[in-house]
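Data from run.cif: mmCIF, C-alpha atoms
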```cif
data_run
#
loop_
_atom_site.label_atom_id
_atom_site.label_comp_id
_atom_site.auth_asym_id
_atom_site.auth_seq_id
_atom_site.Cartn_x
_atom_site.Cartn_y
_atom_site.Cartn_z
CA MET A 1 -16.41 -16.94 -34.34
CA ARG A 2 -16.36 -13.95 -32.03
CA LEU A 3 -13.96 -15.73 -29.69
CA PHE A 4 -11.73 -16.62 -32.62
CA LYS A 5 -11.64 -12.97 -33.71
CA GLU A 6 -10.76 -11.83 -30.22
CA LEU A 7 -8.01 -14.39 -29.92
CA LEU A 8 -6.59 -13.41 -33.27
CA PHE A 9 -6.67 -9.73 -32.32
CA ILE A 10 -4.88 -10.15 -29.04
CA PHE A 11 -2.40 -12.55 -30.62
CA LEU A 12 -1.48 -10.07 -33.35
CA VAL A 13 -1.28 -7.11 -30.97
CA SER A 14 0.94 -9.09 -28.59
CA LEU A 15 3.11 -10.28 -31.44
CA PHE A 16 3.61 -6.78 -32.75
CA PHE A 17 4.45 -5.13 -29.43
CA ALA A 18 6.58 -8.01 -28.24
CA GLY A 19 8.45 -7.72 -31.52
CA LEU A 20 8.88 -3.99 -30.99
CA THR A 21 10.29 -4.31 -27.48
CA VAL A 22 12.51 -7.25 -28.39
CA SER A 23 14.03 -5.46 -31.35
CA VAL A 24 14.64 -2.25 -29.39
CA ASN A 25 16.17 -4.28 -26.61
CA GLN A 26 18.33 -6.20 -29.09
CA ALA A 27 19.49 -3.00 -30.72
CA LEU A 28 20.42 -1.35 -27.42
CA SER A 29 21.51 -4.26 -25.23
CA GLY A 30 25.17 -3.95 -26.25
CA ARG A 31 25.22 -0.34 -25.23
CA ILE A 32 23.37 -1.00 -21.99
CA LEU A 33 25.77 -3.79 -21.05
CA LEU A 34 28.75 -1.60 -21.88
CA ASN A 35 27.31 1.21 -19.72
CA GLU A 36 26.93 -1.18 -16.83
CA GLN A 37 30.45 -2.54 -17.19
CA THR A 38 31.90 0.97 -17.48
CA ARG A 39 30.01 2.00 -14.37
CA ASN A 40 31.31 -1.01 -12.47
CA THR A 41 34.86 -0.38 -13.66
CA LYS A 42 34.70 3.25 -12.54
CA LYS A 43 33.40 2.21 -9.13
CA LEU A 44 36.20 -0.34 -8.70
CA LEU A 45 38.83 2.23 -9.71
CA GLN A 46 37.25 4.66 -7.24
CA VAL A 47 37.30 2.23 -4.35
CA PHE A 48 41.06 1.74 -4.89
CA LYS A 49 41.55 5.49 -5.51
CA ILE A 50 43.08 4.78 -8.91
CA PRO A 51 42.70 8.04 -10.84
CA TYR A 52 40.93 8.04 -14.20
CA ALA A 53 39.56 10.72 -16.49
CA GLU A 54 35.80 11.21 -15.98
CA ASN A 55 35.29 11.37 -19.75
CA ALA A 56 37.59 8.42 -20.52
CA SER A 57 36.30 6.12 -23.24
CA PRO A 58 34.94 2.71 -22.16
CA GLU A 59 37.83 1.11 -24.04
CA SER A 60 40.56 3.02 -22.18
CA LEU A 61 38.82 2.34 -18.86
CA ARG A 62 38.86 -1.34 -19.66
CA GLN A 63 42.58 -1.21 -20.39
CA LEU A 64 43.19 0.62 -17.14
CA GLU A 65 41.16 -1.99 -15.30
CA ALA A 66 43.08 -4.83 -16.95
CA LYS A 67 46.36 -3.29 -15.83
CA ARG A 68 45.47 -2.16 -12.34
CA ILE A 69 42.84 -4.57 -11.03
CA ASP A 70 43.13 -8.32 -10.51
CA GLU A 71 40.28 -10.69 -9.87
CA GLY A 72 40.04 -13.69 -7.61
CA ARG A 73 37.31 -16.11 -6.53
CA LEU A 74 36.31 -16.61 -2.93
CA ASP A 75 33.52 -19.13 -2.34
CA GLY A 76 31.81 -18.24 -5.57
CA THR A 77 32.02 -14.44 -5.25
CA THR A 78 34.45 -12.33 -7.19
CA VAL A 79 36.89 -10.28 -5.11
CA TYR A 80 39.42 -7.77 -6.37
CA ARG A 81 43.00 -6.67 -5.81
CA GLY A 82 44.14 -3.18 -6.76
CA LEU A 83 47.65 -2.58 -8.10
CA ASP A 84 49.69 0.62 -8.24
CA GLU A 85 51.56 1.75 -11.35
CA LYS A 86 54.45 -0.63 -10.65
CA GLY A 87 52.14 -3.59 -10.18
CA GLU A 88 52.51 -3.68 -6.39
CA PRO A 89 49.30 -4.43 -4.43
CA LEU A 90 47.35 -1.40 -3.19
CA GLY A 91 44.71 -3.30 -1.29
CA TYR A 92 41.74 -5.60 -1.74
CA ALA A 93 38.05 -5.09 -2.42
CA ILE A 94 35.07 -7.24 -1.55
CA PRO A 95 31.52 -6.86 -2.82
CA ILE A 96 28.98 -5.79 -0.19
CA SER A 97 25.23 -6.08 -0.50
CA GLY A 98 22.12 -6.26 1.58
CA LYS A 99 18.70 -4.84 2.24
CA GLY A 100 18.50 -1.04 2.24
CA PHE A 101 15.44 1.02 3.11
CA TRP A 102 13.66 0.69 -0.26
CA GLY A 103 15.64 -1.98 -2.05
CA ARG A 104 18.95 -3.77 -2.04
CA ILE A 105 22.17 -1.80 -1.75
CA HIS A 106 25.21 -3.10 -3.65
CA GLY A 107 28.76 -1.82 -3.54
CA PHE A 108 32.42 -2.54 -2.90
CA LEU A 109 34.44 -2.16 0.26
CA SER A 110 38.22 -2.01 -0.01
CA LEU A 111 40.76 -2.97 2.64
CA ASP A 112 44.45 -2.23 2.96
CA ASN A 113 47.18 -4.76 2.18
CA ASP A 114 47.21 -6.16 5.73
CA LEU A 115 43.42 -6.54 5.70
CA LYS A 116 43.37 -4.52 8.92
CA ALA A 117 41.84 -1.20 7.87
CA ILE A 118 39.09 0.00 5.53
CA LYS A 119 40.45 1.86 2.51
CA GLY A 120 37.22 2.98 0.93
CA ILE A 121 33.62 2.22 0.06
CA VAL A 122 31.55 2.75 -3.09
CA PHE A 123 27.97 1.95 -4.04
CA THR A 124 27.11 0.49 -7.41
CA SER A 125 23.35 0.35 -7.06
CA HIS A 126 20.67 1.26 -4.55
CA ASN A 127 17.11 2.58 -4.48
CA GLU A 128 17.39 4.93 -1.51
CA THR A 129 15.43 8.20 -1.42
CA PRO A 130 17.04 10.81 -3.70
CA GLY A 131 18.42 13.62 -1.57
CA LEU A 132 18.29 11.59 1.65
CA GLY A 133 19.39 7.97 1.73
CA ALA A 134 20.91 8.35 -1.71
CA ARG A 135 23.46 10.68 -0.15
CA ILE A 136 25.43 7.60 0.97
CA GLU A 137 27.02 8.04 -2.47
CA GLU A 138 28.41 11.45 -1.58
CA GLN A 139 32.13 11.88 -1.05
CA TRP A 140 31.96 13.26 2.53
CA PHE A 141 29.93 10.31 3.71
CA ARG A 142 32.07 7.66 2.04
CA ALA A 143 35.27 9.39 3.17
CA GLN A 144 34.31 8.68 6.79
CA PHE A 145 34.99 5.00 6.22
CA GLU A 146 38.53 5.56 5.01
CA GLY A 147 41.26 4.47 7.39
CA LEU A 148 38.98 2.85 9.97
CA GLN A 149 40.93 0.11 11.78
CA LEU A 150 39.00 -3.13 12.13
CA ALA A 151 40.62 -3.44 15.57
CA ASN A 152 38.73 -0.32 16.76
CA ALA A 153 35.38 -2.06 16.46
CA VAL A 154 32.62 -0.54 18.58
CA ARG A 155 32.13 -4.01 20.02
CA PRO A 156 33.02 -7.48 18.74
CA GLY A 157 31.33 -8.07 15.40
CA LYS A 158 30.23 -4.43 15.12
CA TYR A 159 33.04 -2.86 13.12
CA VAL A 160 31.33 0.44 12.39
CA GLU A 161 28.47 2.37 13.92
CA ILE A 162 26.65 4.95 11.80
CA SER A 163 24.86 7.36 14.10
CA LYS A 164 26.94 10.22 15.45
CA SER A 165 30.71 10.42 15.42
CA ASP A 166 32.46 10.95 18.74
CA ASP A 167 36.08 11.01 19.87
CA SER A 168 36.07 7.71 21.78
CA GLY A 169 38.51 6.32 19.22
CA LYS A 170 35.92 3.78 18.11
CA ASN A 171 34.66 3.51 14.54
CA LYS A 172 31.67 5.80 14.93
CA LEU A 173 30.52 7.73 11.86
CA ASP A 174 28.02 10.50 11.23
CA ALA A 175 24.73 9.30 9.79
CA ILE A 176 22.81 11.29 7.19
CA THR A 177 20.16 13.60 8.63
CA GLY A 178 16.71 12.41 7.62
CA ALA A 179 17.97 9.02 6.45
CA THR A 180 18.01 7.03 9.68
CA MET A 181 16.65 3.85 8.11
CA THR A 182 19.26 3.87 5.36
CA SER A 183 22.01 4.44 7.92
CA ILE A 184 20.83 1.52 10.05
CA ALA A 185 20.55 -0.72 7.00
CA LEU A 186 23.98 0.25 5.71
CA GLU A 187 25.57 -0.30 9.10
CA LYS A 188 24.19 -3.83 9.13
CA ILE A 189 25.36 -4.52 5.57
CA VAL A 190 28.92 -3.35 6.24
CA ASN A 191 29.19 -5.15 9.56
CA ASP A 192 27.71 -8.42 8.28
CA ASP A 193 29.92 -8.50 5.23
CA LEU A 194 33.02 -7.58 7.22
CA LYS A 195 32.22 -10.26 9.77
CA SER A 196 32.01 -12.99 7.18
CA PHE A 197 35.11 -11.59 5.48
CA VAL A 198 37.15 -11.68 8.68
CA ALA A 199 35.97 -15.25 9.33
CA ASN A 200 37.22 -16.15 5.85
CA GLN A 201 40.51 -14.28 6.04
CA ASP A 202 42.77 -17.33 5.79
CA LYS A 203 41.03 -18.49 2.64
CA PHE A 204 41.28 -14.96 1.29
CA ARG A 205 45.05 -14.93 1.64
CA ARG A 206 45.35 -18.08 -0.46
CA ILE A 207 43.39 -16.67 -3.42
CA GLU A 208 45.12 -16.92 -6.78
CA TRP A 209 44.86 -13.53 -8.44
CA GLU A 210 44.59 -13.02 -12.15
CA SER A 211 43.91 -10.27 -14.62
CA PRO A 212 40.17 -9.96 -15.35
CA GLN A 213 38.92 -11.87 -18.39
CA ARG A 214 36.38 -9.73 -20.15
CA LYS A 215 33.94 -11.16 -22.58
CA MET B 1 -17.30 13.70 -32.82
CA GLY B 2 -15.24 16.76 -33.54
CA VAL B 3 -13.40 18.29 -30.62
CA SER B 4 -11.35 21.38 -31.39
CA PRO B 5 -7.61 21.10 -30.71
CA LYS B 6 -7.78 24.21 -28.56
CA LYS B 7 -10.41 22.69 -26.31
CA ILE B 8 -8.39 19.45 -26.03
CA ALA B 9 -5.29 21.40 -25.04
CA LEU B 10 -7.13 23.55 -22.51
CA ASP B 11 -8.93 20.56 -21.03
CA GLY B 12 -5.78 18.53 -20.59
CA ILE B 13 -3.68 21.34 -19.22
CA TRP B 14 -6.18 23.15 -17.04
CA ASN B 15 -9.96 22.46 -17.05
CA ASN B 16 -9.52 18.73 -16.70
CA ASN B 17 -5.99 18.69 -15.30
CA PRO B 18 -4.96 15.13 -14.41
CA ILE B 19 -3.51 16.14 -11.04
CA PHE B 20 -5.69 18.79 -9.48
CA ARG B 21 -8.98 17.95 -11.25
CA GLN B 22 -8.92 14.22 -11.89
CA VAL B 23 -6.49 13.53 -9.03
CA LEU B 24 -4.73 10.78 -10.98
CA GLY B 25 -1.07 9.79 -11.04
CA ILE B 26 -0.57 10.87 -7.45
CA CYS B 27 1.96 8.11 -6.69
CA SER B 28 4.60 9.52 -9.01
CA THR B 29 3.70 13.07 -7.98
CA LEU B 30 4.71 12.17 -4.47
CA ALA B 31 7.68 10.01 -5.34
CA VAL B 32 9.78 11.80 -7.93
CA THR B 33 9.27 15.47 -7.15
CA ASN B 34 12.11 16.15 -4.74
CA LEU B 35 14.69 16.89 -7.45
CA VAL B 36 13.77 19.01 -10.47
CA THR B 37 16.03 17.11 -12.90
CA ASN B 38 14.47 13.73 -12.06
CA THR B 39 11.01 15.24 -12.31
CA LEU B 40 11.79 16.68 -15.72
CA VAL B 41 12.92 13.33 -17.11
CA MET B 42 9.87 11.64 -15.59
CA CYS B 43 7.58 14.25 -17.19
CA ILE B 44 9.14 13.89 -20.62
CA GLY B 45 8.77 10.11 -20.27
CA LEU B 46 5.13 10.45 -19.31
CA ILE B 47 4.28 12.89 -22.12
CA TYR B 48 5.87 10.56 -24.66
CA THR B 49 4.16 7.45 -23.26
CA GLN B 50 0.76 9.15 -23.01
CA ALA B 51 0.86 10.64 -26.50
CA MET B 52 2.09 7.45 -28.18
CA SER B 53 -0.26 5.15 -26.26
CA SER B 54 -3.29 7.35 -26.98
CA LEU B 55 -2.33 7.52 -30.64
CA THR B 56 -1.90 3.76 -30.93
CA ALA B 57 -4.97 2.81 -28.90
CA SER B 58 -7.05 5.23 -30.93
CA SER B 59 -5.77 3.86 -34.25
CA LEU B 60 -6.76 0.38 -33.17
CA ARG B 61 -10.06 1.43 -31.57
CA THR B 62 -12.33 0.37 -34.44
CA ILE B 63 -10.92 -3.16 -34.57
CA THR B 64 -10.38 -3.66 -30.81
CA PRO B 65 -13.01 -6.06 -29.40
CA TYR B 66 -14.79 -4.17 -26.62
CA ARG B 67 -13.95 -6.52 -23.79
CA LEU B 68 -10.28 -6.70 -24.75
CA ARG B 69 -9.62 -2.99 -24.74
CA ILE B 70 -7.96 -2.82 -21.30
CA ILE B 71 -5.70 -5.78 -22.03
CA SER B 72 -4.56 -4.33 -25.32
CA SER B 73 -4.14 -0.82 -23.87
CA THR B 74 -1.96 -2.18 -21.07
CA LEU B 75 0.10 -4.07 -23.61
CA ILE B 76 0.59 -0.95 -25.72
CA ILE B 77 1.54 1.20 -22.73
CA ALA B 78 3.95 -1.40 -21.39
CA ALA B 79 5.67 -1.72 -24.76
CA TYR B 80 6.27 2.03 -25.03
CA VAL B 81 7.55 2.25 -21.46
CA ILE B 82 9.97 -0.63 -21.99
CA VAL B 83 11.31 1.14 -25.07
CA LEU B 84 11.71 4.34 -23.05
CA HIS B 85 13.43 2.45 -20.23
CA ASN B 86 15.90 0.87 -22.65
CA VAL B 87 16.67 4.17 -24.33
CA LEU B 88 17.34 5.81 -20.96
CA GLN B 89 19.59 2.94 -19.91
CA ALA B 90 21.51 3.10 -23.15
CA TYR B 91 21.92 6.86 -23.55
CA PHE B 92 21.32 8.39 -20.10
CA PRO B 93 22.63 5.74 -17.70
CA GLU B 94 23.09 8.23 -14.82
CA ILE B 95 19.51 9.46 -14.88
CA SER B 96 18.25 5.94 -15.41
CA THR B 97 19.91 4.70 -12.20
CA GLN B 98 18.63 7.73 -10.30
CA LEU B 99 15.04 7.24 -11.38
CA GLY B 100 15.32 3.58 -10.50
CA PRO B 101 11.97 1.82 -10.65
CA TYR B 102 9.90 4.92 -11.39
CA VAL B 103 10.25 4.76 -15.17
CA GLY B 104 8.85 1.24 -15.15
CA LEU B 105 6.04 2.45 -12.94
CA ILE B 106 4.80 4.79 -15.69
CA ILE B 107 3.03 1.64 -16.93
CA THR B 108 0.77 1.68 -13.91
CA ASN B 109 0.32 5.45 -13.90
CA CYS B 110 -3.43 5.92 -13.74
CA ILE B 111 -3.36 8.98 -16.01
CA ILE B 112 -2.17 6.95 -18.97
CA LEU B 113 -4.75 4.19 -18.83
CA GLY B 114 -7.37 6.77 -17.81
CA ARG B 115 -6.83 8.95 -20.88
CA VAL B 116 -6.47 5.97 -23.20
CA GLU B 117 -9.75 4.54 -21.93
CA ALA B 118 -11.69 7.81 -21.59
CA PHE B 119 -10.53 9.68 -24.66
CA ALA B 120 -8.56 7.57 -27.14
CA GLY B 121 -11.20 4.84 -26.99
CA ASN B 122 -13.77 6.95 -28.82
CA ASN B 123 -11.85 9.67 -30.63
CA PRO B 124 -9.78 9.63 -33.85
CA PRO B 125 -5.97 9.27 -33.65
CA ILE B 126 -4.87 12.89 -34.11
CA PRO B 127 -7.12 14.37 -31.40
CA SER B 128 -6.14 11.45 -29.16
CA PHE B 129 -2.47 12.20 -29.71
CA LEU B 130 -3.13 15.85 -28.83
CA ASP B 131 -5.11 14.84 -25.78
CA GLY B 132 -2.19 12.68 -24.69
CA LEU B 133 0.23 15.57 -25.12
CA ALA B 134 -2.05 17.98 -23.29
CA SER B 135 -2.67 15.64 -20.36
CA GLY B 136 1.06 15.00 -20.16
CA VAL B 137 1.80 18.72 -20.11
CA GLY B 138 -0.93 19.28 -17.52
CA TYR B 139 0.67 16.62 -15.33
CA SER B 140 4.16 17.97 -15.96
CA PHE B 141 3.63 21.57 -15.06
CA ILE B 142 2.08 20.69 -11.71
CA LEU B 143 4.90 18.24 -10.98
CA LEU B 144 7.56 20.75 -11.94
CA ALA B 145 5.94 23.42 -9.77
CA ILE B 146 5.97 21.03 -6.82
CA ALA B 147 9.54 19.96 -7.57
CA VAL B 148 10.86 23.53 -7.77
CA VAL B 149 9.43 24.32 -4.34
CA ARG B 150 10.53 21.02 -2.80
CA GLU B 151 14.08 21.13 -4.12
CA GLY B 152 14.37 24.85 -3.44
CA LEU B 153 13.25 24.65 0.18
CA GLY B 154 14.61 21.19 0.89
CA PHE B 155 18.10 21.49 -0.59
CA GLY B 156 18.50 25.19 -1.38
CA THR B 157 19.12 24.29 -5.03
CA ILE B 158 17.24 24.25 -8.34
CA MET B 159 18.36 21.52 -10.76
CA GLY B 160 21.49 21.20 -8.66
CA TYR B 161 22.38 24.90 -8.86
CA GLN B 162 22.78 26.67 -5.55
CA LEU B 163 20.21 29.38 -4.77
CA PRO B 164 21.82 32.82 -4.29
CA PHE B 165 20.95 33.04 -0.58
CA GLU B 166 21.50 30.87 2.47
CA PHE B 167 18.77 29.57 4.77
CA THR B 168 18.03 26.54 6.92
CA HIS B 169 16.85 23.80 4.58
CA TRP B 170 13.46 22.26 5.24
CA THR B 171 14.34 18.58 5.30
CA ILE B 172 10.65 17.66 5.43
CA MET B 173 10.23 19.04 1.89
CA VAL B 174 12.54 16.31 0.59
CA MET B 175 10.53 13.57 2.24
CA ALA B 176 7.08 12.22 1.40
CA PRO B 177 5.14 14.54 3.77
CA GLY B 178 6.57 17.56 1.95
CA ALA B 179 5.06 16.22 -1.26
CA PHE B 180 1.66 15.81 0.39
CA PHE B 181 1.71 19.38 1.69
CA MET B 182 2.77 20.80 -1.67
CA LEU B 183 0.23 18.73 -3.59
CA GLY B 184 -2.51 19.92 -1.25
CA ILE B 185 -1.46 23.54 -1.51
CA ILE B 186 -1.17 23.47 -5.30
CA THR B 187 -4.50 21.69 -5.73
CA TRP B 188 -6.16 24.28 -3.52
CA LEU B 189 -4.43 27.17 -5.31
CA CYS B 190 -5.42 25.96 -8.78
CA ARG B 191 -9.02 25.27 -7.80
CA TRP B 192 -9.24 28.62 -6.05
CA LEU B 193 -8.01 30.38 -9.20
CA ASP B 194 -10.57 28.40 -11.17
CA ALA B 195 -13.41 29.27 -8.83
CA ARG B 196 -12.43 32.94 -8.92
CA ALA B 197 -12.37 32.97 -12.72
CA GLU B 198 -15.80 31.30 -12.83
CA ALA B 199 -17.26 33.77 -10.38
CA ALA B 200 -15.85 36.66 -12.39
CA ALA B 201 -17.31 35.20 -15.60
CA ALA B 202 -20.71 34.73 -13.98
CA ALA B 203 -20.67 38.27 -12.62
CA SER B 204 -19.83 39.81 -16.00
CA LYS B 205 -22.76 37.96 -17.62
CA LYS B 206 -25.34 39.56 -15.35
#
```
Take the structure I supplied and represent it as structure tokens, if you would.
Amino acid sequence: MRLFKELLFIFLVSLFFAGLTVSVNQALSGRILLNEQTRNTKKLLQVFKIPYAENASPESLRQLEAKRIDEGRLDGTTVYRGLDEKGEPLGYAIPISGKGFWGRIHGFLSLDNDLKAIKGIVFTSHNETPGLGARIEEQWFRAQFEGLQLANAVRPGKYVEISKSDDSGKNKLDAITGATMTSIALEKIVNDDLKSFVANQDKFRRIEWESPQRK
Amino acid sequence: MGVSPKKIALDGIWNNNPIFRQVLGICSTLAVTNLVTNTLVMCIGLIYTQAMSSLTASSLRTITPYRLRIISSTLIIAAYVIVLHNVLQAYFPEISTQLGPYVGLIITNCIILGRVEAFAGNNPPIPSFLDGLASGVGYSFILLAIAVVREGLGFGTIMGYQLPFEFTHWTIMVMAPGAFFMLGIITWLCRWLDARAEAAAAASKK
């Protein structure tokens, strides 16, 4: 009898609180999904340097994305092509991801039309230390990647080095003070993803691009 | 058992402060205190979770089987934190991404389960709610004090606003060791103030 009472109690409490969380989640999931998509759209526009208003509505951002960004599939991952106002290609973007210091870092890396130089880099999610590793998101740090020629690799397979910039003409960038581990991790992520991209270049050029289909 | 609201408030905020007296919830104290804005959101989240969990656990205390109390408390706390996490994601997406896993970790914050178990388990709902609020405020003011010093010295800013003078930033303040130093200093300071007040009270009685 006592066991039955206990079971009943825990069953009812679980039922009630599960119901509570499920209904809150149901009520807010649309908004959460929209926030995520908007965030992703903004990051993609940023990586192609397509200007947008910071307070633009999610709807207008989606329209801008539909007009200026094409999608393609490469071995199961989605890759992107940016277009200028006239619909001419601006460059291409590939997703990058890998282990950071605390958790995985995700982002996009864009390349110019000839796939020979880096156009930009953005991060969509990471768990790096606020104020230290998290500064990879800052403009000055990301700007260092812009215009790097893949041909100026520090050594074969190592396209960028994040430690201390010098004037050797190689792709050496300034790391963030106090965030050595994040810098090392990011360097590996960028180099690994670039390496597999370069190996896949021929396939990449045959991709059929299309306007993104949003659910 | 009647405990006056004033005593509950004083206990939670000072006499029995979760950080420098009970030394609970240290993980988040060390982790989220390098930017004041993040700390503030974390504190509001904790106050809400503590107050609501204490209220709920206390309301159910007469029908909760004794050996199931921890299971049901954990369930209650987790539910409130998930609600908070969803609300942050939906309405404050920027802050939510910045706080990352820490909001979810409120569930395992020792202060919450500690207060639910120690106070809400044998006190009526309203005092429990107050106790939750007071403990949350006690936690928050210590965290904010630490965060102001860490962000101020580490970045030269407070809530992102530049301080009016220039100096070499203490990078160590932004990292975990800075939190340990500050926590130690603040704990010592608060206990020293306490000891001084007690000594003064004892002296005046003689």
Worksheet entry | Target residues per the PyMOL selection byres ((chain A) within 6 of (chain B)), formatted as a PyMOL selection string | chain A and resi 17+21+31-32
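In this structure, CA of Thr187 (chain B) sits 18.8 Å away from CA of Asn109 (chain B).
One distance worth recording is that between CA of Asp193 (chain A) and CA of Pro212 (chain A), which is 23.0 Å.
The spacing separating CA of Ile146 (chain B) from CA of Ile111 (chain B) amounts to 17.8 Å.
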Worksheet item: Using all atoms listed in the file, which residues sit within 9 Å of Ser97 (chain A) once same-chain residues fewer than 2 positions away are excluded, as number ranges by chain?
Response: A: 95, 99-100, 104-108, 186, 189-190, 193
Fill in: Distance query Gly156 (chain B) at most 10 Å, all atoms listed in the file, self and fewer than 4 positions along chain excluded, as a PyMOL selection string
chain B and resi 149-152+160-170
Discussion item. Which residues would end up in the selection if the PyMOL selection byres ((chain A and resi 91) around 9) were applied here, given that I need the answer as a list in words?
Written reply: Phe48, Tyr80, Arg81, Gly82, Leu83, Pro89, Leu90, Tyr92, Ala93, Ser110, Leu111, Asp112, Asn113, Asp114, Leu115 and Lys119 of chain A
Centre and size of axis-aligned box enclosing region 96-106 of chain A plus 6 Å each side, as JSON:
```
{"center_x": 21.3, "center_y": -2.6, "center_z": -0.3, "size_x": 27.3, "size_y": 19.3, "size_z": 18.8}
```
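Of the residues under consideration (A:Lys67, A:Lys170, A:Arg206, A:Arg39), A:Lys170 shows the shortest atom-to-atom contact distance to Leu148 (chain A) when counting all atoms listed in the file.
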Practice prompt. Mind checking which residues fall within 6 Å of Gly72 (chain A), counting all atoms listed in the file, ignoring those fewer than 4 positions away in the same chain, and posting them as a count of residues only?
Written response: 3
Practice prompt. Could you state which residues are captured by the PyMOL selection byres ((chain A and resi 146) around 7) in this file, as a PyMOL selection string?
Written response: chain A and resi 118-120+143-145+147-148
Fill in: Close residues, Asp131 (chain B) itself excluded, 9 Å, all atoms listed in the file, min 5 positions apart in chain, as a PyMOL selection string
chain B and resi 5+8-9+11-12+50-51+54+115+119-120+126+136
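Counting only C-alpha atoms and comparing A:Thr180, A:Glu6, A:Asn40, A:Ser211, the residue that lies closest to Arg135 (chain A) is A:Thr180.
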Final N, CA and C atoms of region 150-162 of chain A as a PDB file, in the coordinates of the input:
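Once written, out25.pdb looks like this:
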```pdb
ATOM      1  N   LEU A 150      39.956  -2.105  11.699  1.00  0.00           N
ATOM      2  CA  LEU A 150      39.000  -3.130  12.130  1.00  0.00           C
ATOM      3  C   LEU A 150      39.157  -3.411  13.621  1.00  0.00           C
ATOM      4  N   ALA A 151      40.372  -3.173  14.152  1.00  0.00           N
ATOM      5  CA  ALA A 151      40.620  -3.440  15.570  1.00  0.00           C
ATOM      6  C   ALA A 151      39.873  -2.464  16.481  1.00  0.00           C
ATOM      7  N   ASN A 152      39.454  -1.309  15.943  1.00  0.00           N
ATOM      8  CA  ASN A 152      38.730  -0.320  16.760  1.00  0.00           C
ATOM      9  C   ASN A 152      37.220  -0.535  16.729  1.00  0.00           C
ATOM     10  N   ALA A 153      36.805  -1.766  16.531  1.00  0.00           N
ATOM     11  CA  ALA A 153      35.380  -2.060  16.460  1.00  0.00           C
ATOM     12  C   ALA A 153      34.666  -1.522  17.692  1.00  0.00           C
ATOM     13  N   VAL A 154      33.406  -1.077  17.467  1.00  0.00           N
ATOM     14  CA  VAL A 154      32.620  -0.540  18.580  1.00  0.00           C
ATOM     15  C   VAL A 154      32.421  -1.617  19.635  1.00  0.00           C
ATOM     16  N   ARG A 155      32.116  -2.823  19.161  1.00  0.00           N
ATOM     17  CA  ARG A 155      32.130  -4.010  20.020  1.00  0.00           C
ATOM     18  C   ARG A 155      32.342  -5.197  19.095  1.00  0.00           C
ATOM     19  N   PRO A 156      32.689  -6.364  19.631  1.00  0.00           N
ATOM     20  CA  PRO A 156      33.020  -7.480  18.740  1.00  0.00           C
ATOM     21  C   PRO A 156      31.927  -7.707  17.701  1.00  0.00           C
ATOM     22  N   GLY A 157      32.307  -7.819  16.452  1.00  0.00           N
ATOM     23  CA  GLY A 157      31.330  -8.070  15.400  1.00  0.00           C
ATOM     24  C   GLY A 157      30.676  -6.814  14.874  1.00  0.00           C
ATOM     25  N   LYS A 158      30.811  -5.687  15.604  1.00  0.00           N
ATOM     26  CA  LYS A 158      30.230  -4.430  15.120  1.00  0.00           C
ATOM     27  C   LYS A 158      31.393  -3.491  14.782  1.00  0.00           C
ATOM     28  N   TYR A 159      31.824  -3.571  13.518  1.00  0.00           N
ATOM     29  CA  TYR A 159      33.040  -2.860  13.120  1.00  0.00           C
ATOM     30  C   TYR A 159      32.804  -1.358  12.992  1.00  0.00           C
ATOM     31  N   VAL A 160      31.621  -0.985  12.503  1.00  0.00           N
ATOM     32  CA  VAL A 160      31.330   0.440  12.390  1.00  0.00           C
ATOM     33  C   VAL A 160      29.951   0.722  12.973  1.00  0.00           C
ATOM     34  N   GLU A 161      29.787   1.938  13.470  1.00  0.00           N
ATOM     35  CA  GLU A 161      28.470   2.370  13.920  1.00  0.00           C
ATOM     36  C   GLU A 161      28.173   3.671  13.187  1.00  0.00           C
ATOM     37  N   ILE A 162      26.997   3.732  12.541  1.00  0.00           N
ATOM     38  CA  ILE A 162      26.650   4.950  11.800  1.00  0.00           C
ATOM     39  C   ILE A 162      25.538   5.645  12.556  1.00  0.00           C
TER      40      ILE A 162
END
```
